[in-house]
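Below is target32.csv, which holds CSV, C-alpha atoms.
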chain,number,residue,atom,x,y,z
N,1,MET,CA,98.6,104.1,69.0
N,2,ILE,CA,100.9,101.8,70.9
N,3,ARG,CA,100.5,102.3,74.7
N,4,ALA,CA,102.5,99.3,76.0
N,5,ASP,CA,106.2,98.7,76.1
N,6,TYR,CA,106.8,95.0,76.5
N,7,HIS,CA,110.6,94.8,76.6
N,8,MET,CA,112.6,96.7,79.2
N,9,HIS,CA,115.3,96.2,81.8
N,10,SER,CA,116.1,97.7,85.2
N,11,HIS,CA,119.0,97.3,87.6
N,12,HIS,CA,118.0,93.7,88.1
N,13,SER,CA,119.6,93.1,84.7
N,14,GLY,CA,123.4,92.9,84.6
N,15,ASP,CA,123.6,95.5,81.8
N,16,SER,CA,121.4,98.2,83.4
N,17,LYS,CA,121.8,100.4,86.4
N,18,THR,CA,118.4,102.1,86.2
N,19,PRO,CA,116.2,101.8,89.3
N,20,THR,CA,112.9,100.0,88.6
N,21,ARG,CA,110.9,102.9,90.1
N,22,GLU,CA,112.5,105.3,87.7
N,23,MET,CA,111.5,103.2,84.7
N,24,ILE,CA,107.9,103.0,85.9
N,25,GLU,CA,107.6,106.7,86.6
N,26,SER,CA,109.1,107.5,83.2
N,27,ALA,CA,106.6,105.2,81.5
N,28,ILE,CA,103.7,107.0,83.3
N,29,ARG,CA,105.0,110.4,82.1
N,30,MET,CA,105.0,109.1,78.6
N,31,GLY,CA,101.4,108.1,78.8
N,32,LEU,CA,101.8,104.4,78.6
N,33,GLN,CA,99.1,102.2,79.9
N,34,LYS,CA,101.0,98.9,80.3
N,35,ILE,CA,104.7,97.9,80.6
N,36,CYS,CA,106.5,94.7,81.3
N,37,PHE,CA,109.9,94.2,82.8
N,38,THR,CA,111.8,91.5,81.0
N,39,GLU,CA,115.0,91.2,83.0
N,40,HIS,CA,117.9,89.1,81.6
N,41,ASN,CA,118.4,85.5,82.6
N,42,ASP,CA,121.0,83.8,80.4
N,43,PRO,CA,122.0,80.5,81.9
N,44,ASP,CA,125.3,79.1,80.6
N,45,TYR,CA,126.1,82.3,78.8
N,46,THR,CA,129.7,82.4,77.6
N,47,TYR,CA,131.5,85.4,79.1
N,48,VAL,CA,134.4,87.0,77.2
N,49,ILE,CA,135.4,89.3,80.0
N,50,PRO,CA,136.1,87.2,83.2
N,51,GLU,CA,135.1,90.1,85.4
N,52,GLU,CA,131.6,90.0,84.0
N,53,THR,CA,131.0,86.4,84.8
N,54,GLY,CA,127.5,85.9,86.2
N,55,MET,CA,126.1,89.3,85.1
N,56,PHE,CA,123.3,87.7,83.2
N,57,ASP,CA,122.2,85.4,86.0
N,58,LEU,CA,119.0,86.9,87.4
N,59,ASP,CA,118.3,86.9,91.1
N,60,THR,CA,114.7,86.3,90.4
N,61,GLY,CA,113.6,86.2,94.1
N,62,LYS,CA,115.0,89.7,94.7
N,63,TYR,CA,113.4,90.9,91.4
N,64,ARG,CA,110.1,89.4,92.3
N,65,LYS,CA,110.1,91.0,95.8
N,66,GLU,CA,110.6,94.5,94.5
N,67,TYR,CA,108.2,94.0,91.6
N,68,LEU,CA,105.4,93.0,94.0
N,69,ALA,CA,105.9,96.1,96.1
N,70,LEU,CA,106.0,98.5,93.1
N,71,HIS,CA,103.2,96.7,91.3
N,72,GLU,CA,100.9,97.4,94.3
N,73,GLU,CA,102.1,101.0,94.7
N,74,PHE,CA,101.5,102.0,91.0
N,75,ALA,CA,98.4,99.8,90.4
N,76,PHE,CA,96.1,102.7,89.8
N,77,ARG,CA,98.4,104.5,87.5
N,78,ILE,CA,99.9,101.9,85.2
N,79,GLN,CA,99.7,98.1,84.7
N,80,VAL,CA,103.2,96.6,85.3
N,81,GLY,CA,104.0,93.1,84.2
N,82,PHE,CA,106.5,90.6,85.7
N,83,GLY,CA,108.5,89.2,82.8
N,84,VAL,CA,111.8,87.7,81.9
N,85,GLU,CA,114.0,87.6,78.8
N,86,LEU,CA,115.4,84.0,78.6
N,87,GLY,CA,118.6,83.4,76.8
N,88,VAL,CA,117.9,80.2,74.8
N,89,GLN,CA,120.4,77.8,73.4
N,90,PRO,CA,120.6,74.1,72.6
N,91,GLY,CA,121.5,71.8,75.5
N,92,ILE,CA,119.7,73.7,78.3
N,93,TYR,CA,116.1,73.4,77.3
N,94,PRO,CA,115.1,71.4,80.4
N,95,LYS,CA,116.8,73.9,82.7
N,96,LEU,CA,115.0,76.8,81.0
N,97,SER,CA,111.6,75.0,81.2
N,98,GLU,CA,112.0,74.3,84.9
N,99,TYR,CA,112.8,77.9,85.5
N,100,ALA,CA,109.9,79.2,83.4
N,101,HIS,CA,107.5,77.2,85.5
N,102,SER,CA,109.1,78.2,88.8
N,103,TYR,CA,107.7,81.8,89.0
N,104,PRO,CA,104.3,83.3,88.0
N,105,PHE,CA,105.6,85.3,85.0
N,106,ASP,CA,103.2,87.4,83.0
N,107,PHE,CA,105.4,87.2,79.9
N,108,ILE,CA,108.5,85.3,78.7
N,109,ILE,CA,110.7,86.5,75.8
N,110,ALA,CA,113.0,83.9,74.3
N,111,SER,CA,116.1,85.4,72.8
N,112,SER,CA,119.2,84.1,71.1
N,113,HIS,CA,122.1,86.0,72.6
N,114,VAL,CA,124.6,83.3,71.7
N,115,CYS,CA,125.2,80.9,68.8
N,116,LYS,CA,127.4,77.9,69.2
N,117,LYS,CA,128.3,79.2,72.6
N,118,LYS,CA,129.5,82.6,71.3
N,119,ASP,CA,127.8,86.0,71.5
N,120,PRO,CA,127.8,87.8,68.1
N,121,TYR,CA,128.2,91.0,70.0
N,122,TRP,CA,131.9,90.1,70.2
N,123,PRO,CA,134.2,90.0,67.1
N,124,GLN,CA,135.5,86.6,68.3
N,125,TYR,CA,132.2,85.1,67.1
N,126,TYR,CA,133.4,85.5,63.5
N,127,GLU,CA,136.9,84.0,63.9
N,128,GLY,CA,137.5,81.5,61.1
N,129,ILE,CA,134.2,82.1,59.3
N,130,SER,CA,132.7,84.6,56.9
N,131,ILE,CA,130.1,87.2,58.0
N,132,LYS,CA,127.5,85.4,55.8
N,133,GLU,CA,128.4,82.0,57.4
N,134,GLY,CA,128.1,83.5,60.9
N,135,ILE,CA,124.6,85.0,60.2
N,136,ARG,CA,123.3,81.7,58.7
N,137,ASP,CA,124.6,79.8,61.7
N,138,TYR,CA,122.7,82.2,63.9
N,139,PHE,CA,119.4,81.8,62.2
N,140,GLU,CA,119.8,78.0,61.9
N,141,GLU,CA,120.3,77.8,65.7
N,142,ILE,CA,117.2,79.8,66.2
N,143,LEU,CA,115.4,77.3,64.1
N,144,ILE,CA,116.7,74.5,66.3
N,145,ASN,CA,115.5,76.5,69.4
N,146,VAL,CA,112.0,77.2,68.1
N,147,SER,CA,111.6,73.6,67.0
N,148,SER,CA,112.6,72.1,70.4
N,149,PHE,CA,111.7,74.7,73.1
N,150,THR,CA,108.2,76.0,73.7
N,151,ASP,CA,108.2,77.6,77.2
N,152,TYR,CA,108.1,81.2,76.0
N,153,ASP,CA,105.5,83.6,74.5
N,154,ILE,CA,107.4,85.5,71.8
N,155,TYR,CA,110.8,85.3,70.3
N,156,GLY,CA,112.8,88.5,70.7
N,157,HIS,CA,114.8,90.5,68.2
N,158,LEU,CA,115.0,87.7,65.7
N,159,ASP,CA,117.9,89.3,63.7
N,160,TYR,CA,119.8,90.5,66.8
N,161,ILE,CA,123.0,89.4,65.1
N,162,VAL,CA,122.8,92.3,62.5
N,163,ARG,CA,123.1,94.9,65.3
N,164,TYR,CA,126.8,93.9,65.9
N,165,LEU,CA,128.4,93.0,62.5
N,166,PRO,CA,132.1,93.7,63.0
N,167,GLU,CA,133.0,97.2,61.8
N,168,ASP,CA,136.5,96.2,60.6
N,169,ARG,CA,134.8,93.7,58.1
N,170,LYS,CA,131.8,95.8,57.0
N,171,ASN,CA,133.1,95.9,53.4
N,172,GLU,CA,133.0,92.0,53.3
N,173,TYR,CA,129.3,91.6,53.2
N,174,THR,CA,126.2,93.8,53.3
N,175,TYR,CA,123.3,92.2,55.1
N,176,ASN,CA,120.3,91.2,53.1
N,177,PHE,CA,117.7,89.0,54.8
N,178,ARG,CA,116.8,87.5,51.5
N,179,ASP,CA,120.1,85.6,51.5
N,180,PHE,CA,118.7,83.6,54.4
N,181,ASP,CA,115.0,83.6,53.6
N,182,ASP,CA,114.9,79.8,53.5
N,183,VAL,CA,115.8,79.5,57.2
N,184,ILE,CA,114.0,82.7,58.2
N,185,GLU,CA,110.8,81.4,56.6
N,186,ALA,CA,111.2,78.1,58.4
N,187,VAL,CA,111.7,79.9,61.7
N,188,LEU,CA,108.6,82.1,61.3
N,189,LYS,CA,106.4,79.2,60.2
N,190,THR,CA,107.5,77.1,63.1
N,191,ILE,CA,106.8,79.9,65.6
N,192,ILE,CA,103.3,80.4,64.1
N,193,ALA,CA,102.6,76.6,64.1
N,194,LYS,CA,103.5,76.3,67.8
N,195,GLY,CA,101.2,79.2,68.7
N,196,LYS,CA,104.0,81.6,69.6
N,197,GLY,CA,104.7,85.1,68.5
N,198,ILE,CA,107.5,87.6,67.7
N,199,GLU,CA,108.3,91.1,68.8
N,200,LEU,CA,109.0,94.3,67.0
N,201,ASN,CA,112.0,95.6,68.9
N,202,THR,CA,112.8,99.3,68.3
N,203,SER,CA,116.2,99.5,70.0
N,204,GLY,CA,118.1,99.1,66.7
N,205,LEU,CA,116.8,102.5,65.7
N,206,LEU,CA,119.2,103.9,68.4
N,207,LYS,CA,122.1,101.8,67.2
N,208,SER,CA,124.3,101.8,64.1
N,209,ILE,CA,121.8,99.7,62.0
N,210,HIS,CA,119.1,102.4,62.4
N,211,ASN,CA,116.5,99.7,61.9
N,212,THR,CA,114.1,97.6,63.9
N,213,ASN,CA,114.8,94.0,64.9
N,214,PRO,CA,113.6,92.2,63.0
N,215,CYS,CA,113.6,94.4,60.0
N,216,PRO,CA,110.3,95.5,58.5
N,217,GLU,CA,110.6,92.9,55.7
N,218,ILE,CA,110.6,90.1,58.2
N,219,ILE,CA,107.6,91.6,60.0
N,220,ARG,CA,105.8,91.6,56.7
N,221,LEU,CA,106.7,88.0,56.0
N,222,TYR,CA,105.5,87.0,59.4
N,223,LYS,CA,102.1,88.6,58.7
N,224,GLU,CA,101.9,87.0,55.2
N,225,PHE,CA,102.5,83.6,56.8
N,226,GLY,CA,99.5,84.1,59.1
N,227,GLY,CA,101.4,85.5,62.2
N,228,GLU,CA,99.2,87.5,64.5
N,229,ILE,CA,100.9,87.5,67.9
N,230,ILE,CA,103.3,90.5,68.0
N,231,THR,CA,104.5,92.6,70.9
N,232,VAL,CA,106.4,95.9,70.7
N,233,GLY,CA,109.3,96.8,73.0
N,234,ALA,CA,112.1,99.3,73.0
N,235,ASP,CA,114.5,97.1,74.9
N,236,ALA,CA,115.2,100.1,77.1
N,237,HIS,CA,117.9,99.8,79.7
N,238,LYS,CA,117.5,103.4,80.8
N,239,ALA,CA,114.4,105.5,81.4
N,240,SER,CA,114.9,107.9,78.4
N,241,ASP,CA,114.7,105.0,75.9
N,242,ILE,CA,111.3,103.7,76.9
N,243,ALA,CA,108.9,103.5,74.0
N,244,TYR,CA,111.6,104.9,71.7
N,245,GLY,CA,110.5,104.8,68.0
N,246,PHE,CA,107.0,103.6,68.7
N,247,ASP,CA,105.6,106.0,66.1
N,248,GLN,CA,107.8,104.2,63.5
N,249,ALA,CA,106.9,100.8,64.9
N,250,GLU,CA,103.2,101.6,64.4
N,251,ARG,CA,103.8,102.6,60.8
N,252,ILE,CA,105.8,99.3,60.2
N,253,LEU,CA,103.0,97.3,61.7
N,254,ARG,CA,100.3,99.0,59.7
N,255,GLU,CA,102.3,98.7,56.5
N,256,ALA,CA,102.7,95.0,57.2
N,257,GLY,CA,98.9,94.6,57.5
N,258,PHE,CA,98.6,94.6,61.3
N,259,ARG,CA,95.7,96.4,63.0
N,260,HIS,CA,96.7,95.4,66.5
N,261,TYR,CA,99.6,94.7,68.8
N,262,CYS,CA,99.7,92.3,71.8
N,263,THR,CA,100.5,92.3,75.5
N,264,PHE,CA,100.5,89.4,77.9
N,265,THR,CA,99.1,88.9,81.5
N,266,GLU,CA,99.6,85.6,83.3
N,267,ARG,CA,101.0,84.3,80.0
N,268,LYS,CA,97.8,85.0,78.1
N,269,CYS,CA,97.8,87.0,75.0
N,270,GLU,CA,95.7,90.2,74.7
N,271,PHE,CA,95.1,92.1,71.5
N,272,HIS,CA,95.0,95.9,71.3
N,273,ASP,CA,93.9,98.1,68.4
N,274,LEU,CA,96.6,100.3,67.0

Here is the file; what I need is its structure written in the form of C-alpha cells.
Amino acid sequence: MIRADYHMHSHHSGDSKTPTREMIESAIRMGLQKICFTEHNDPDYTYVIPEETGMFDLDTGKYRKEYLALHEEFAFRIQVGFGVELGVQPGIYPKLSEYAHSYPFDFIIASSHVCKKKDPYWPQYYEGISIKEGIRDYFEEILINVSSFTDYDIYGHLDYIVRYLPEDRKNEYTYNFRDFDDVIEAVLKTIIAKGKGIELNTSGLLKSIHNTNPCPEIIRLYKEFGGEIITVGADAHKASDIAYGFDQAERILREAGFRHYCTFTERKCEFHDL
C-alpha cells in the first residue's frame, strides 16, 4: 500500500491557494505516513498572460520558514519533507544547480513545463507545427535536459505534454507513445544511467486524459530497462486531491513488476514495500 505522496503544492506555489497546514492535516486524515511539498520554481518561465508574470518564482525563504514551524509541530503525526519542483530547460542549468545547492532540500523533482520557451499548456505552443512534431520536440528537449543536468532526484510527469493537447485539433492526431519510443527509450536509459528516477504522477486521472503521467506503458519500459527509483505523487494543489488514484497507481506499479515505491529524505532514496 502506498502511504507517501511525494508531489504536492500549497499556497507557496503560484497556482495553488491551499494553506500548507490544510494539506498536512488532510494527509494525516488519509492515513499517509510521509508527504513532501514540491513547490514550483520555474526560472525563466515564459508567461503568456502578463498579469501572471512571476507566479512560478518561489520565495524559498518564506516557504522554508513556514515548513520548519509545521514540520516541528506535526513531527509525531506525519513525516513532512521539504522539496521543490524545478522547471528545467536548456540554457539555465548553472542557475538551477546553484539554487538546488542553496537550500537543504529533501527532494527535487525536475520537470519540463516548457519546450523551446513555450508551455504546451497553451495552444500557442503548436502554432506552425503539427501535434506530432510538438510532442517529439518536447521529448527531445527532455533528453537534452537529462543528458546535461543532474541536480535532481526524479524527473516528473515525463509525458506532461499529453495532458494539454489542443481540443480544437484533437482529430489531427491520437497520441501513441510508440510513435516516440526511440527518444523515450533514450530518456529512460539516460535517467537510469545517471542514477536518477521517475515518478508515477496520478493527476492525469483527474484530467481529460484519464491516465497517469507517464502512461503505464512507459512505467513498464522503465522497469524493463532496469529502473528501480520511482516515487508516487498526486500533484495535488488542493487538499481533496492528495493521494488521488493511489490504488490505481499501486496496480500499475505491480503490473510493471515493481514491488516497492520510493521516498527521499535529505536527497537520499528510501525504498518501501507496496

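Near N:Gln33, within 12 Å and counting all atoms listed in the file, sit N:Met1, N:Ile2, N:Arg3, N:Ala4, N:Asp5, N:Tyr6, N:Ile24, N:Glu25, N:Ser26, N:Ala27, N:Ile28, N:Phe74, N:Ala75, N:Phe76, N:Arg77, N:Ile78, N:Gln79, N:Val80, N:Gly81, N:Ala243, N:Thr263, N:His272; same-chain residues fewer than 5 positions away were not included.
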
*Show which residues sit within 10 Å of N:Asp241, as a ChimeraX atom specification. Count all atoms listed in the file, and ignore same-chain residues fewer than 6 positions away.*
/N:8,23,26-27,202-203,206,234-235

Selected residues written out, C-alpha atoms, as a PDB file, in the coordinates of the input:
ATOM      1  CA  MET N   8     112.600  96.700  79.200  1.00  0.00           C
ATOM      2  CA  MET N  23     111.500 103.200  84.700  1.00  0.00           C
ATOM      3  CA  SER N  26     109.100 107.500  83.200  1.00  0.00           C
ATOM      4  CA  ALA N  27     106.600 105.200  81.500  1.00  0.00           C
ATOM      5  CA  THR N 202     112.800  99.300  68.300  1.00  0.00           C
ATOM      6  CA  SER N 203     116.200  99.500  70.000  1.00  0.00           C
ATOM      7  CA  LEU N 206     119.200 103.900  68.400  1.00  0.00           C
ATOM      8  CA  ALA N 234     112.100  99.300  73.000  1.00  0.00           C
ATOM      9  CA  ASP N 235     114.500  97.100  74.900  1.00  0.00           C
TER      10      ASP N 235
END

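When atom CA of N:Glu73 is paired with atom CA of N:Gly245, their separation reads 28.2 Å.
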
*asked:* Can you tell me which residues surround N:Tyr47 at a distance of at most 9 Å, considering only C-alpha atoms, apart from same-chain residues fewer than 5 positions away, and format the answer as a PyMOL selection string?
replied: chain N and resi 52-55+118-119

*Near N:Cys262, counting all atoms listed in the file, which residues have an atom at most 6 Å away, once you skip same-chain residues fewer than 4 positions from it, shown as a VMD selection string?*
chain N and resid 230 to 231 270 to 272

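The shell of residues at most 6 Å from N:Thr18, with only C-alpha atoms counted and near chain neighbours (fewer than 5 positions) removed, consists of Ser10, His11 and Lys238 of chain N.
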
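What separates atom CA of N:Glu224 from atom CA of N:Asn145 is a distance of 22.3 Å.
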
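Minimum atom-to-atom distance to N:Leu143, evaluated using all atoms listed in the file, belongs to N:Val183 out of N:Val183, N:Ile131, N:Ala193, N:Cys115.
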
Using the atoms already present, construct N, CA and C atoms for stretch 224-235 of chain N and hand them back as a compact mmCIF listing (two decimals), in the coordinates of the input.
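Ended up saving to rebuild15.txt:
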# COMPACT_ATOMS: atom_id res chain seq x y z
N GLU N 224 102.35 87.72 56.42
CA GLU N 224 101.90 87.00 55.20
C GLU N 224 101.74 85.51 55.52
N PHE N 225 102.55 84.97 56.41
CA PHE N 225 102.50 83.60 56.80
C PHE N 225 101.35 83.26 57.76
N GLY N 226 100.66 84.31 58.20
CA GLY N 226 99.50 84.10 59.10
C GLY N 226 99.85 84.47 60.56
N GLY N 227 101.00 85.07 60.81
CA GLY N 227 101.40 85.50 62.20
C GLY N 227 100.49 86.61 62.67
N GLU N 228 100.00 86.49 63.89
CA GLU N 228 99.20 87.50 64.50
C GLU N 228 99.69 88.03 65.83
N ILE N 229 100.44 87.19 66.53
CA ILE N 229 100.90 87.50 67.90
C ILE N 229 102.20 88.35 67.74
N ILE N 230 102.13 89.63 68.09
CA ILE N 230 103.30 90.50 68.00
C ILE N 230 103.28 91.54 69.10
N THR N 231 104.37 91.62 69.84
CA THR N 231 104.50 92.60 70.90
C THR N 231 105.47 93.71 70.39
N VAL N 232 105.48 94.83 71.08
CA VAL N 232 106.40 95.90 70.70
C VAL N 232 107.17 96.31 71.97
N GLY N 233 108.47 96.42 71.82
CA GLY N 233 109.30 96.80 73.00
C GLY N 233 110.52 97.58 72.51
N ALA N 234 110.93 98.52 73.34
CA ALA N 234 112.10 99.30 73.00
C ALA N 234 113.39 98.77 73.57
N ASP N 235 113.29 97.69 74.34
CA ASP N 235 114.50 97.10 74.90
C ASP N 235 115.28 98.11 75.72
